[in-house]
$ cat coords30.cif   # mmCIF, C-alpha atoms and all ligand atoms
data_protein
#
loop_
_atom_site.group_PDB
_atom_site.id
_atom_site.type_symbol
_atom_site.label_atom_id
_atom_site.label_comp_id
_atom_site.auth_asym_id
_atom_site.auth_seq_id
_atom_site.Cartn_x
_atom_site.Cartn_y
_atom_site.Cartn_z
ATOM 1 C CA MET A 1 13.784 10.058 21.312
ATOM 2 C CA ILE A 2 10.556 8.044 21.125
ATOM 3 C CA GLU A 3 7.340 10.048 20.928
ATOM 4 C CA VAL A 4 3.749 8.866 21.044
ATOM 5 C CA VAL A 5 1.545 10.805 18.613
ATOM 6 C CA GLU A 6 -2.167 10.188 18.275
ATOM 7 C CA GLY A 7 -3.663 10.659 14.827
ATOM 8 C CA ASP A 8 -3.386 10.011 11.117
ATOM 9 C CA ILE A 9 0.125 8.959 10.064
ATOM 10 C CA THR A 10 -0.342 10.402 6.561
ATOM 11 C CA ARG A 11 -0.294 13.941 8.002
ATOM 12 C CA LEU A 12 3.033 13.683 9.782
ATOM 13 C CA GLU A 13 5.930 15.841 8.664
ATOM 14 C CA VAL A 14 8.750 13.361 9.047
ATOM 15 C CA ASP A 15 11.387 11.993 6.686
ATOM 16 C CA ALA A 16 9.679 8.592 6.484
ATOM 17 C CA ILE A 17 6.421 6.965 7.472
ATOM 18 C CA VAL A 18 6.009 3.208 7.684
ATOM 19 C CA ASN A 19 3.075 1.437 6.043
ATOM 20 C CA ALA A 20 1.498 -1.776 7.360
ATOM 21 C CA ALA A 21 1.102 -3.311 3.920
ATOM 22 C CA ASN A 22 0.283 -6.782 2.580
ATOM 23 C CA GLU A 23 2.507 -9.012 0.453
ATOM 24 C CA THR A 24 1.174 -7.602 -2.824
ATOM 25 C CA LEU A 25 2.137 -3.993 -1.894
ATOM 26 C CA LEU A 26 -0.809 -2.923 -4.035
ATOM 27 C CA GLY A 27 -2.819 -1.276 -1.263
ATOM 28 C CA GLY A 28 -5.649 -2.392 0.973
ATOM 29 C CA GLY A 29 -7.684 -1.124 3.917
ATOM 30 C CA GLY A 30 -6.628 0.422 7.228
ATOM 31 C CA VAL A 31 -3.467 2.482 7.309
ATOM 32 C CA ASP A 32 -2.413 1.054 3.924
ATOM 33 C CA GLY A 33 -5.566 2.428 2.296
ATOM 34 C CA ALA A 34 -5.113 5.805 3.971
ATOM 35 C CA ILE A 35 -1.493 6.046 2.788
ATOM 36 C CA HIS A 36 -2.343 5.108 -0.802
ATOM 37 C CA ARG A 37 -5.187 7.655 -0.892
ATOM 38 C CA ALA A 38 -3.016 10.421 0.504
ATOM 39 C CA ALA A 39 0.073 9.637 -1.595
ATOM 40 C CA GLY A 40 -1.916 9.446 -4.837
ATOM 41 C CA PRO A 41 -2.075 6.940 -7.716
ATOM 42 C CA GLU A 42 1.639 7.289 -8.477
ATOM 43 C CA LEU A 43 2.296 5.194 -5.380
ATOM 44 C CA ARG A 44 0.349 2.182 -6.626
ATOM 45 C CA ALA A 45 1.997 2.415 -10.035
ATOM 46 C CA HIS A 46 5.409 2.488 -8.376
ATOM 47 C CA CYS A 47 4.557 -0.398 -6.008
ATOM 48 C CA ALA A 48 3.304 -2.527 -8.898
ATOM 49 C CA ARG A 49 6.872 -2.630 -10.207
ATOM 50 C CA LEU A 50 8.320 -3.918 -6.930
ATOM 51 C CA GLY A 51 6.931 -7.445 -7.234
ATOM 52 C CA GLY A 52 5.539 -7.686 -3.712
ATOM 53 C CA CYS A 53 7.260 -8.174 -0.380
ATOM 54 C CA PRO A 54 7.421 -11.236 1.896
ATOM 55 C CA THR A 55 6.133 -11.050 5.475
ATOM 56 C CA GLY A 56 8.726 -9.625 7.855
ATOM 57 C CA GLN A 57 10.559 -7.682 5.137
ATOM 58 C CA ALA A 58 10.306 -4.077 3.923
ATOM 59 C CA ARG A 59 10.534 -1.980 0.751
ATOM 60 C CA ILE A 60 10.982 1.768 0.313
ATOM 61 C CA THR A 61 9.247 4.147 -2.109
ATOM 62 C CA PRO A 62 8.975 7.898 -2.467
ATOM 63 C CA GLY A 63 6.188 9.588 -0.485
ATOM 64 C CA PHE A 64 4.726 11.197 -3.616
ATOM 65 C CA ARG A 65 1.980 13.600 -2.404
ATOM 66 C CA LEU A 66 2.660 13.008 1.298
ATOM 67 C CA PRO A 67 4.568 15.457 3.468
ATOM 68 C CA ALA A 68 6.923 12.547 4.211
ATOM 69 C CA ARG A 69 9.747 12.094 1.696
ATOM 70 C CA TRP A 70 9.720 8.293 1.968
ATOM 71 C CA ILE A 71 7.275 5.483 2.639
ATOM 72 C CA ILE A 72 8.670 2.252 4.028
ATOM 73 C CA HIS A 73 6.247 -0.570 3.337
ATOM 74 C CA THR A 74 6.516 -3.562 5.618
ATOM 75 C CA VAL A 75 4.354 -6.666 5.828
ATOM 76 C CA GLY A 76 3.414 -7.739 9.324
ATOM 77 C CA PRO A 77 2.410 -11.280 10.247
ATOM 78 C CA VAL A 78 -1.210 -12.378 10.440
ATOM 79 C CA TRP A 79 -1.846 -13.446 14.053
ATOM 80 C CA ARG A 80 -2.402 -17.213 14.169
ATOM 81 C CA GLY A 81 -2.255 -17.817 17.906
ATOM 82 C CA GLY A 82 1.353 -16.877 18.605
ATOM 83 C CA ASP A 83 3.279 -20.083 17.887
ATOM 84 C CA ARG A 84 3.789 -19.510 14.176
ATOM 85 C CA GLY A 85 6.731 -17.167 14.540
ATOM 86 C CA GLU A 86 4.562 -14.070 14.773
ATOM 87 C CA ASP A 87 6.732 -12.302 17.378
ATOM 88 C CA ALA A 88 9.947 -12.745 15.382
ATOM 89 C CA LEU A 89 8.265 -11.673 12.148
ATOM 90 C CA LEU A 90 6.855 -8.532 13.729
ATOM 91 C CA GLU A 91 10.219 -7.674 15.242
ATOM 92 C CA SER A 92 11.760 -8.180 11.809
ATOM 93 C CA CYS A 93 9.309 -5.648 10.303
ATOM 94 C CA TYR A 94 10.534 -2.953 12.682
ATOM 95 C CA ARG A 95 14.201 -3.879 12.258
ATOM 96 C CA GLU A 96 14.053 -4.020 8.458
ATOM 97 C CA SER A 97 12.194 -0.703 8.336
ATOM 98 C CA PHE A 98 14.899 0.913 10.468
ATOM 99 C CA ARG A 99 17.602 -0.647 8.305
ATOM 100 C CA LEU A 100 16.136 0.880 5.115
ATOM 101 C CA ALA A 101 15.592 4.181 6.906
ATOM 102 C CA ARG A 102 19.246 4.387 7.916
ATOM 103 C CA GLU A 103 20.371 3.458 4.406
ATOM 104 C CA HIS A 104 18.376 6.418 3.077
ATOM 105 C CA GLY A 105 19.568 8.964 5.600
ATOM 106 C CA VAL A 106 16.238 9.170 7.402
ATOM 107 C CA ARG A 107 16.441 11.071 10.717
ATOM 108 C CA SER A 108 12.738 11.128 11.641
ATOM 109 C CA ILE A 109 10.388 8.176 11.224
ATOM 110 C CA ALA A 110 6.839 7.307 12.223
ATOM 111 C CA PHE A 111 5.387 3.814 12.644
ATOM 112 C CA PRO A 112 1.771 2.660 12.889
ATOM 113 C CA ALA A 113 0.930 -0.283 15.153
ATOM 114 C CA ILE A 114 1.823 -2.907 12.540
ATOM 115 C CA SER A 115 -0.336 -6.075 12.431
ATOM 116 C CA THR A 116 -2.688 -4.932 15.218
ATOM 117 C CA GLY A 117 -5.656 -4.085 12.967
ATOM 118 C CA ALA A 118 -6.877 -6.440 10.260
ATOM 119 C CA TYR A 119 -4.052 -8.893 11.041
ATOM 120 C CA GLY A 120 -5.226 -9.336 14.661
ATOM 121 C CA PHE A 121 -1.915 -9.246 16.581
ATOM 122 C CA PRO A 122 -2.623 -8.598 20.304
ATOM 123 C CA LYS A 123 -1.994 -4.908 20.911
ATOM 124 C CA GLU A 124 0.094 -4.975 24.082
ATOM 125 C CA ARG A 125 2.288 -7.814 22.879
ATOM 126 C CA ALA A 126 2.856 -5.945 19.608
ATOM 127 C CA ALA A 127 3.579 -2.641 21.359
ATOM 128 C CA ARG A 128 6.237 -4.275 23.569
ATOM 129 C CA ILE A 129 7.974 -5.652 20.480
ATOM 130 C CA ALA A 130 7.700 -2.299 18.676
ATOM 131 C CA LEU A 131 9.105 -0.324 21.602
ATOM 132 C CA GLY A 132 11.952 -2.786 22.113
ATOM 133 C CA VAL A 133 13.206 -2.290 18.556
ATOM 134 C CA MET A 134 12.570 1.470 18.712
ATOM 135 C CA ARG A 135 14.674 1.797 21.870
ATOM 136 C CA ALA A 136 17.549 -0.059 20.225
ATOM 137 C CA HIS A 137 17.506 2.477 17.368
ATOM 138 C CA GLU A 138 17.111 5.670 19.394
ATOM 139 C CA PRO A 139 20.778 6.718 19.074
ATOM 140 C CA HIS A 140 20.560 6.771 15.273
ATOM 141 C CA PHE A 141 17.466 8.973 14.863
ATOM 142 C CA GLU A 142 16.294 12.446 15.895
ATOM 143 C CA ARG A 143 12.668 11.395 16.184
ATOM 144 C CA ILE A 144 11.005 7.999 16.353
ATOM 145 C CA ILE A 145 7.222 8.334 16.456
ATOM 146 C CA ALA A 146 4.763 5.655 17.513
ATOM 147 C CA CYS A 147 1.701 6.916 15.644
ATOM 148 C CA CYS A 148 -1.405 5.658 17.413
ATOM 149 C CA PHE A 149 -4.812 5.666 15.805
ATOM 150 C CA GLY A 150 -7.025 6.363 18.810
ATOM 151 C CA ALA A 151 -6.670 7.305 22.445
ATOM 152 C CA GLU A 152 -6.626 3.718 23.693
ATOM 153 C CA ASP A 153 -3.562 2.774 21.655
ATOM 154 C CA ALA A 154 -1.813 5.998 22.657
ATOM 155 C CA ALA A 155 -2.481 5.288 26.346
ATOM 156 C CA LEU A 156 -1.062 1.777 25.950
ATOM 157 C CA TYR A 157 2.167 3.052 24.375
ATOM 158 C CA ARG A 158 2.518 5.802 26.979
ATOM 159 C CA ARG A 159 2.058 3.307 29.814
ATOM 160 C CA LEU A 160 4.668 0.926 28.399
ATOM 161 C CA LEU A 161 7.134 3.782 27.850
ATOM 162 C CA ALA A 162 6.610 5.041 31.412
ATOM 163 C CA GLU A 163 7.061 1.508 32.807
ATOM 164 C CA ALA A 164 10.434 1.231 31.142
ATOM 165 C CA SER A 165 11.855 4.561 32.298
HETATM 166 N N1 LIG A 201 -2.807 6.428 10.694
HETATM 167 C C1 LIG A 201 -2.231 5.706 11.685
HETATM 168 N N2 LIG A 201 -2.663 4.478 12.061
HETATM 169 C C2 LIG A 201 -3.743 3.976 11.405
HETATM 170 C C3 LIG A 201 -4.387 4.672 10.365
HETATM 171 C C4 LIG A 201 -3.878 5.949 10.006
HETATM 172 N N3 LIG A 201 -4.417 6.689 9.035
HETATM 173 N N4 LIG A 201 -5.416 3.893 9.924
HETATM 174 C C5 LIG A 201 -5.414 2.770 10.660
HETATM 175 N N5 LIG A 201 -4.412 2.812 11.567
HETATM 176 P P1 LIG A 201 -4.186 -2.177 9.798
HETATM 177 P P2 LIG A 201 -2.518 -4.617 9.801
HETATM 178 C C6 LIG A 201 -4.006 1.816 12.576
HETATM 179 O O1 LIG A 201 -5.431 -2.988 9.735
HETATM 180 O O2 LIG A 201 -3.189 -5.115 11.040
HETATM 181 C C7 LIG A 201 -4.538 -3.677 5.122
HETATM 182 O O3 LIG A 201 -5.683 -3.951 4.378
HETATM 183 C C8 LIG A 201 -5.025 0.798 13.025
HETATM 184 O O4 LIG A 201 -5.919 1.362 13.974
HETATM 185 O O5 LIG A 201 -4.090 -0.963 8.946
HETATM 186 O O6 LIG A 201 -1.020 -4.686 9.722
HETATM 187 C C9 LIG A 201 -3.251 -4.126 4.438
HETATM 188 O O7 LIG A 201 -3.350 -4.022 3.027
HETATM 189 C C10 LIG A 201 -4.111 -0.259 13.648
HETATM 190 O O8 LIG A 201 -3.747 0.149 14.969
HETATM 191 O O9 LIG A 201 -2.877 -3.082 9.440
HETATM 192 C C11 LIG A 201 -3.130 -5.553 4.875
HETATM 193 O O10 LIG A 201 -3.905 -6.416 4.072
HETATM 194 C C12 LIG A 201 -2.856 -0.199 12.778
HETATM 195 O O11 LIG A 201 -2.968 1.018 12.023
HETATM 196 C C13 LIG A 201 -3.685 -5.531 6.280
HETATM 197 O O12 LIG A 201 -4.593 -4.431 6.330
HETATM 198 C C14 LIG A 201 -2.693 -1.368 11.840
HETATM 199 O O13 LIG A 201 -3.961 -1.771 11.314
HETATM 200 C C15 LIG A 201 -2.601 -5.281 7.302
HETATM 201 O O14 LIG A 201 -3.142 -5.409 8.593
#
$ encode --input "coords30.cif" --output "structure tokens"
Amino acid sequence: MIEVVEGDITRLEVDAIVNAANETLLGGGGVDGAIHRAAGPELRAHCARLGGCPTGQARITPGFRLPARWIIHTVGPVWRGGDRGEDALLESCYRESFRLAREHGVRSIAFPAISTGAYGFPKERAARIALGVMRAHEPHFERIIACCFGAEDAALYRRLLAEAS
């Protein structure tokens, strides 16, 4: 079942949360910064050993001080106008995150709106891609959460979910 939750992803009590990281995996601003602050310095030390992650792929780490057991770090595409493969790369982020989640026995997972902050991906276009991959994975999970940072994003996700049902 897909749920829309408004708020800070670091607070969610789920098996795994997804991080919108950059290719270094060493932290940054936005949701990445919030996750690193909440998980504690052990996360950066652990990530430093992973050797980065290419755009469209994902890596998994423990959640350290988070309520979530796992953090799945994925690197969304920087929006460059839409004809540089951005849609396929964003879809790949969601798919690869789900693939790692299933490999690790994750039953509940929360995603932020990957690429729609600093990386500038248009929000509705990104949400349609996110929800498409989430729907395809619904049978394999107890809870799939679209974690929205702000009422406007939550309203967008709720509208798109209602449109589809
Ligand atoms: N919980 C849930 N969502 C959040 C939170 C939070 N605590 N904080 C922000 N968001 P962004 P990107 C939302 O910029 O566009 C970083 O510096 C935010 O409102 O975090 O993929 C990385 O290191 C937006 O809807 O990620 C990369 O360099 C969404 O999360 C770069 O930013 C994504 O915004 C990645 O950019």
$ closest_residue --input "coords30.cif" --among "A:Ile72, A:Cys147, A:Cys53, A:Ala154" --to "ligand LIG 201 (chain A)" --atoms "all atoms listed in the file"
A:Cys147
$ closest_residue --input "coords30.cif" --among "A:Ala101, A:Ala45, A:Ala34, A:Ala130" --to "Gly76 in chain A" --atoms "only C-alpha atoms"
A:Ala130
$ residues_near_ligand --input "coords30.cif" --ligand "ligand LIG 201 (chain A)" --cutoff "7 Å" --atoms "only C-alpha atoms and all ligand atoms" --output "MDAnalysis selection string"
chainID A and resid 7:10 20:22 27:35 75:76 112:120 147:149
$ closest_residue --input "coords30.cif" --among "A:Glu91, A:Leu25, A:Arg84, A:Pro41" --to "Gly56 in chain A" --atoms "all atoms listed in the file"
A:Glu91
$ atom_distance --input "coords30.cif" --atom1 "CA of Arg158 in chain A" --atom2 "CA of His73 in chain A"
24.8 Å
$ atom_distance --input "coords30.cif" --atom1 "CA of Arg80 in chain A" --atom2 "CA of Ala16 in chain A"
29.5 Å
$ closest_residue --input "coords30.cif" --among "A:Ala126, A:His140, A:Arg135, A:Asp87" --to "Gly105 in chain A" --atoms "all atoms listed in the file"
A:His140
$ resolve_selection --input "coords30.cif" --expression "the PyMOL selection byres (((chain A and resi 131) around 12) and not hetatm)" --output "PDB file with C-alpha atoms, in the frame of the given file"
ATOM      1  CA  MET A   1      13.784  10.058  21.312  1.00  0.00           C
ATOM      2  CA  ILE A   2      10.556   8.044  21.125  1.00  0.00           C
ATOM      3  CA  GLU A   3       7.340  10.048  20.928  1.00  0.00           C
ATOM      4  CA  VAL A   4       3.749   8.866  21.044  1.00  0.00           C
ATOM      5  CA  LEU A  90       6.855  -8.532  13.729  1.00  0.00           C
ATOM      6  CA  GLU A  91      10.219  -7.674  15.242  1.00  0.00           C
ATOM      7  CA  TYR A  94      10.534  -2.953  12.682  1.00  0.00           C
ATOM      8  CA  ARG A  95      14.201  -3.879  12.258  1.00  0.00           C
ATOM      9  CA  PHE A 111       5.387   3.814  12.644  1.00  0.00           C
ATOM     10  CA  PRO A 112       1.771   2.660  12.889  1.00  0.00           C
ATOM     11  CA  ALA A 113       0.930  -0.283  15.153  1.00  0.00           C
ATOM     12  CA  ILE A 114       1.823  -2.907  12.540  1.00  0.00           C
ATOM     13  CA  GLU A 124       0.094  -4.975  24.082  1.00  0.00           C
ATOM     14  CA  ARG A 125       2.288  -7.814  22.879  1.00  0.00           C
ATOM     15  CA  ALA A 126       2.856  -5.945  19.608  1.00  0.00           C
ATOM     16  CA  ALA A 127       3.579  -2.641  21.359  1.00  0.00           C
ATOM     17  CA  ARG A 128       6.237  -4.275  23.569  1.00  0.00           C
ATOM     18  CA  ILE A 129       7.974  -5.652  20.480  1.00  0.00           C
ATOM     19  CA  ALA A 130       7.700  -2.299  18.676  1.00  0.00           C
ATOM     20  CA  GLY A 132      11.952  -2.786  22.113  1.00  0.00           C
ATOM     21  CA  VAL A 133      13.206  -2.290  18.556  1.00  0.00           C
ATOM     22  CA  MET A 134      12.570   1.470  18.712  1.00  0.00           C
ATOM     23  CA  ARG A 135      14.674   1.797  21.870  1.00  0.00           C
ATOM     24  CA  ALA A 136      17.549  -0.059  20.225  1.00  0.00           C
ATOM     25  CA  HIS A 137      17.506   2.477  17.368  1.00  0.00           C
ATOM     26  CA  GLU A 138      17.111   5.670  19.394  1.00  0.00           C
ATOM     27  CA  ILE A 144      11.005   7.999  16.353  1.00  0.00           C
ATOM     28  CA  ILE A 145       7.222   8.334  16.456  1.00  0.00           C
ATOM     29  CA  ALA A 146       4.763   5.655  17.513  1.00  0.00           C
ATOM     30  CA  CYS A 147       1.701   6.916  15.644  1.00  0.00           C
ATOM     31  CA  LEU A 156      -1.062   1.777  25.950  1.00  0.00           C
ATOM     32  CA  TYR A 157       2.167   3.052  24.375  1.00  0.00           C
ATOM     33  CA  ARG A 158       2.518   5.802  26.979  1.00  0.00           C
ATOM     34  CA  ARG A 159       2.058   3.307  29.814  1.00  0.00           C
ATOM     35  CA  LEU A 160       4.668   0.926  28.399  1.00  0.00           C
ATOM     36  CA  LEU A 161       7.134   3.782  27.850  1.00  0.00           C
ATOM     37  CA  ALA A 162       6.610   5.041  31.412  1.00  0.00           C
ATOM     38  CA  GLU A 163       7.061   1.508  32.807  1.00  0.00           C
ATOM     39  CA  ALA A 164      10.434   1.231  31.142  1.00  0.00           C
TER      40      ALA A 164
END
$ residues_around --input "coords30.cif" --residues "Thr61 in chain A" --least-positions-apart "3" --cutoff "8 Å" --atoms "only C-alpha atoms" --output "PyMOL selection string"
chain A and resi 43+46-47+70-73
$ atom_distance --input "coords30.cif" --atom1 "CA of Gly63 in chain A" --atom2 "CA of Ile17 in chain A"
8.4 Å
$ residues_near_point --input "coords30.cif" --point "(1.5, 13.2, -7.6)" --cutoff "9 Å" --atoms "all atoms listed in the file" --output "ChimeraX atom specification"
/A:39-43,64-66
$ closest_residue --input "coords30.cif" --among "A:Arg59, A:Arg99, A:Arg69, A:Arg11" --to "Ala38 in chain A" --atoms "all atoms listed in the file"
A:Arg11
$ closest_residue --input "coords30.cif" --among "A:Pro67, A:Trp79, A:Asp15, A:Arg143" --to "Lys123 in chain A" --atoms "all atoms listed in the file"
A:Trp79
$ resolve_selection --input "coords30.cif" --expression "the PyMOL selection byres (((chain A and resi 142) around 6) and not hetatm)" --output "compact mmCIF listing (two decimals) with C-alpha atoms, keeping the file's coordinate frame"
# COMPACT_ATOMS: atom_id res chain seq x y z
CA ARG A 107 16.44 11.07 10.72
CA SER A 108 12.74 11.13 11.64
CA PHE A 141 17.47 8.97 14.86
CA ARG A 143 12.67 11.40 16.18
$ axis_aligned_box --input "coords30.cif" --around "range 49-52 of chain A" --padding-each-side "3 Å" --output "AutoDock Vina command-line options"
--center_x 6.9 --center_y -5.2 --center_z -7.0 --size_x 8.8 --size_y 11.1 --size_z 12.5
$ build_atoms --input "coords30.cif" --residues "range 11-21 of chain A" --atoms "all heavy atoms" --output "PDB file, in the frame of the given file"
ATOM      1  N   ARG A  11      -0.445  12.492   7.829  1.00  0.00           N
ATOM      2  CA  ARG A  11      -0.294  13.941   8.002  1.00  0.00           C
ATOM      3  C   ARG A  11       1.054  14.328   8.596  1.00  0.00           C
ATOM      4  O   ARG A  11       1.363  15.508   8.697  1.00  0.00           O
ATOM      5  CB  ARG A  11      -1.396  14.475   8.938  1.00  0.00           C
ATOM      6  CG  ARG A  11      -2.784  13.998   8.577  1.00  0.00           C
ATOM      7  CD  ARG A  11      -3.241  14.545   7.226  1.00  0.00           C
ATOM      8  NE  ARG A  11      -3.513  15.976   7.340  1.00  0.00           N
ATOM      9  CZ  ARG A  11      -4.688  16.496   7.677  1.00  0.00           C
ATOM     10  NH1 ARG A  11      -5.711  15.697   7.914  1.00  0.00           N
ATOM     11  NH2 ARG A  11      -4.855  17.793   7.750  1.00  0.00           N
ATOM     12  N   LEU A  12       1.831  13.364   9.009  1.00  0.00           N
ATOM     13  CA  LEU A  12       3.033  13.683   9.782  1.00  0.00           C
ATOM     14  C   LEU A  12       4.168  14.196   8.903  1.00  0.00           C
ATOM     15  O   LEU A  12       4.458  13.636   7.839  1.00  0.00           O
ATOM     16  CB  LEU A  12       3.496  12.462  10.579  1.00  0.00           C
ATOM     17  CG  LEU A  12       2.501  11.950  11.623  1.00  0.00           C
ATOM     18  CD1 LEU A  12       3.092  10.775  12.384  1.00  0.00           C
ATOM     19  CD2 LEU A  12       2.094  13.061  12.584  1.00  0.00           C
ATOM     20  N   GLU A  13       4.803  15.246   9.391  1.00  0.00           N
ATOM     21  CA  GLU A  13       5.930  15.841   8.664  1.00  0.00           C
ATOM     22  C   GLU A  13       7.227  15.250   9.194  1.00  0.00           C
ATOM     23  O   GLU A  13       7.869  15.795  10.088  1.00  0.00           O
ATOM     24  CB  GLU A  13       5.880  17.362   8.805  1.00  0.00           C
ATOM     25  CG  GLU A  13       4.582  17.894   8.214  1.00  0.00           C
ATOM     26  CD  GLU A  13       4.563  19.384   7.981  1.00  0.00           C
ATOM     27  OE1 GLU A  13       5.547  20.057   8.333  1.00  0.00           O
ATOM     28  OE2 GLU A  13       3.549  19.854   7.447  1.00  0.00           O
ATOM     29  N   VAL A  14       7.538  14.093   8.663  1.00  0.00           N
ATOM     30  CA  VAL A  14       8.750  13.361   9.047  1.00  0.00           C
ATOM     31  C   VAL A  14       9.447  12.913   7.766  1.00  0.00           C
ATOM     32  O   VAL A  14       8.863  12.970   6.681  1.00  0.00           O
ATOM     33  CB  VAL A  14       8.401  12.118   9.915  1.00  0.00           C
ATOM     34  CG1 VAL A  14       7.971  12.536  11.312  1.00  0.00           C
ATOM     35  CG2 VAL A  14       7.318  11.269   9.259  1.00  0.00           C
ATOM     36  N   ASP A  15      10.677  12.453   7.884  1.00  0.00           N
ATOM     37  CA  ASP A  15      11.387  11.993   6.686  1.00  0.00           C
ATOM     38  C   ASP A  15      10.722  10.749   6.098  1.00  0.00           C
ATOM     39  O   ASP A  15      10.654  10.590   4.878  1.00  0.00           O
ATOM     40  CB  ASP A  15      12.842  11.658   7.028  1.00  0.00           C
ATOM     41  CG  ASP A  15      13.632  12.876   7.483  1.00  0.00           C
ATOM     42  OD1 ASP A  15      13.254  14.008   7.127  1.00  0.00           O
ATOM     43  OD2 ASP A  15      14.639  12.693   8.204  1.00  0.00           O
ATOM     44  N   ALA A  16      10.268   9.846   6.969  1.00  0.00           N
ATOM     45  CA  ALA A  16       9.679   8.592   6.484  1.00  0.00           C
ATOM     46  C   ALA A  16       8.520   8.168   7.359  1.00  0.00           C
ATOM     47  O   ALA A  16       8.580   8.301   8.584  1.00  0.00           O
ATOM     48  CB  ALA A  16      10.731   7.484   6.467  1.00  0.00           C
ATOM     49  N   ILE A  17       7.465   7.656   6.721  1.00  0.00           N
ATOM     50  CA  ILE A  17       6.421   6.965   7.472  1.00  0.00           C
ATOM     51  C   ILE A  17       6.447   5.498   7.049  1.00  0.00           C
ATOM     52  O   ILE A  17       6.830   5.169   5.914  1.00  0.00           O
ATOM     53  CB  ILE A  17       5.003   7.558   7.283  1.00  0.00           C
ATOM     54  CG1 ILE A  17       4.496   7.389   5.842  1.00  0.00           C
ATOM     55  CG2 ILE A  17       4.979   9.029   7.715  1.00  0.00           C
ATOM     56  CD1 ILE A  17       3.005   7.691   5.697  1.00  0.00           C
ATOM     57  N   VAL A  18       6.039   4.644   7.955  1.00  0.00           N
ATOM     58  CA  VAL A  18       6.009   3.208   7.684  1.00  0.00           C
ATOM     59  C   VAL A  18       4.558   2.804   7.410  1.00  0.00           C
ATOM     60  O   VAL A  18       3.635   3.289   8.056  1.00  0.00           O
ATOM     61  CB  VAL A  18       6.608   2.421   8.863  1.00  0.00           C
ATOM     62  CG1 VAL A  18       6.487   0.914   8.632  1.00  0.00           C
ATOM     63  CG2 VAL A  18       8.073   2.817   9.064  1.00  0.00           C
ATOM     64  N   ASN A  19       4.392   1.946   6.417  1.00  0.00           N
ATOM     65  CA  ASN A  19       3.075   1.437   6.043  1.00  0.00           C
ATOM     66  C   ASN A  19       2.951  -0.023   6.463  1.00  0.00           C
ATOM     67  O   ASN A  19       3.873  -0.816   6.242  1.00  0.00           O
ATOM     68  CB  ASN A  19       2.902   1.557   4.519  1.00  0.00           C
ATOM     69  CG  ASN A  19       1.535   1.088   4.046  1.00  0.00           C
ATOM     70  OD1 ASN A  19       0.603   0.975   4.842  1.00  0.00           O
ATOM     71  ND2 ASN A  19       1.425   0.821   2.750  1.00  0.00           N
ATOM     72  N   ALA A  20       1.808  -0.371   7.049  1.00  0.00           N
ATOM     73  CA  ALA A  20       1.498  -1.776   7.360  1.00  0.00           C
ATOM     74  C   ALA A  20       0.798  -2.366   6.142  1.00  0.00           C
ATOM     75  O   ALA A  20      -0.424  -2.316   6.021  1.00  0.00           O
ATOM     76  CB  ALA A  20       0.598  -1.854   8.595  1.00  0.00           C
ATOM     77  N   ALA A  21       1.601  -2.876   5.230  1.00  0.00           N
ATOM     78  CA  ALA A  21       1.102  -3.311   3.920  1.00  0.00           C
ATOM     79  C   ALA A  21       0.771  -4.808   3.926  1.00  0.00           C
ATOM     80  O   ALA A  21       0.833  -5.476   4.959  1.00  0.00           O
ATOM     81  CB  ALA A  21       2.173  -3.012   2.876  1.00  0.00           C
TER      82      ALA A  21
END
